[in-house]
Amino acid sequence: MSILVVGSVALDSVQTPFGSAKEVLGGSATYFSAAASFFADVRVVAVVGDDFPEEHLAFLKRRSIDLQGLQRVPGRTFRWAGEYGFDLNDARTLETQLNVFAEFRPEIPEAYKESELVFLGNIDPDLQRQVLRQVRSPKLVAADTMNFWIDRKLEALRETLKSVDVLLINDAETRQLAGEPNLVRAARKILDWGPTSLVIKRGEYGALMVREDGWFAAPGIPLDSVFDPTGAGDCFAGGFIGYLANTMNFEDANIRKAIVMGSVMASFNVEAFSLDRLRRLTYPEIEARYKAFKRLAQFEDL
Ligand code: AMP
């Protein structure tokens, strides 16, 4: 089944205690698509400027990602700069340049309108809604956001949430969005605004899914080489939605497996800067790490 994603396609500059990368391939739609493309067909709606390197488009095409909905317009590509301290869970934004995204009007190609799954990547919530309005009858709508939009566009974001089934955000964003320091109460409040599931990403500590009927916890896998957490959230979403698109089974047990697949894809992504780890990732590696996650969380009553 096909996934439509709208989000940023970016040039990122990132500093971590282990190195730095300047103007490398990034963006919420980019990370999401690359991760999801291991499981399903992905169609991208986004915009880049005329400075966007051709080699990045070639990489996405090699992963069979459909770029019909990627506009290329005069101007500069979206840029994000951020840094991390030794606590890699905490990203500090140094600069956000919307550039061509400031004037972006998403137009969905006719062929995309029947997409079964939609991922509204981290982007202006008004744009997220403009995209959603053009998709006929999606079976599942998932979304992400970040402090940048919670600070600036809270009302627009609340409006978008009314049409979202699964919201994927990190724990700090959960607290900030709900205006509530307790995670349980914050989650309950957000579920009242529209989504039926909330997936709370907790960096190296794993992820929690919250629904009306209870919680599910996936662990984070201990890794001995973590270089750059940028894009981990989007790769998580790509593994999660990609797995659901591949199986088209939205029952609780399968959603739990999808959460683990999200964790698997995120865990690979942090092992290198930009999308470098995903570039050389293979299916057998994905399968092996899925099993490692299963072992990590398994326990029996004696
Ligand atoms: P994450 O998965 O949360 O680490 O997402 C990181 C990606 O989000 C980076 O590659 C950035 O280019 C992109 N990004 C950062 N800020 C924004 C923003 N305000 N709007 C859209 N994309 C953003």
# chains A, B, ... in the order shown; residues from 1 in each chain; ligands from 1

$ residues_near_ligand --ligand "ligand 1" --cutoff "6 Å" --atoms "only C-alpha atoms and all ligand atoms" --output "VMD selection string"
chain A and resid 8 10 12 26 to 28 80 122 to 123 148 230 to 234

$ residues_around --residues "Thr196 (chain A)" --least-positions-apart "3" --cutoff "7 Å" --atoms "only C-alpha atoms" --output "PyMOL selection string"
chain A and resi 165-166+191+211

$ write_last_selection --atoms "N, CA, C and O atoms" --output "short mmCIF file (atom, residue, chain, number, x, y, z; two decimals), in the first residue's frame"
data_model
loop_
_atom_site.label_atom_id
_atom_site.label_comp_id
_atom_site.auth_asym_id
_atom_site.auth_seq_id
_atom_site.Cartn_x
_atom_site.Cartn_y
_atom_site.Cartn_z
N ASP A 165 -5.04 10.32 13.28
CA ASP A 165 -5.27 9.08 14.06
C ASP A 165 -4.12 8.82 15.03
O ASP A 165 -4.35 8.43 16.17
N VAL A 166 -2.89 8.98 14.55
CA VAL A 166 -1.72 8.69 15.38
C VAL A 166 -0.79 9.90 15.41
O VAL A 166 -0.31 10.34 14.36
N LEU A 191 -5.09 13.02 23.72
CA LEU A 191 -6.02 12.04 23.11
C LEU A 191 -7.43 12.62 23.03
O LEU A 191 -8.21 12.23 22.17
N ARG A 211 -3.09 4.68 24.33
CA ARG A 211 -4.43 4.68 23.75
C ARG A 211 -5.42 4.67 24.89
O ARG A 211 -5.04 4.48 26.04
#

$ select_by_dssp --residues "region 20-143 of chain A" --states "strand (DSSP E)" --output "PyMOL selection string"
chain A and resi 20-26+41-49+66-73+79-84+91-97+117-120+140-143

$ closest_residue --among "A:Ile150, A:Ala297, A:Leu157, A:Val264" --to "Pro219 (chain A)" --atoms "only C-alpha atoms"
A:Ala297

$ atom_distance --atom1 "CA of Pro284 (chain A)" --atom2 "CA of Val199 (chain A)"
26.4 Å
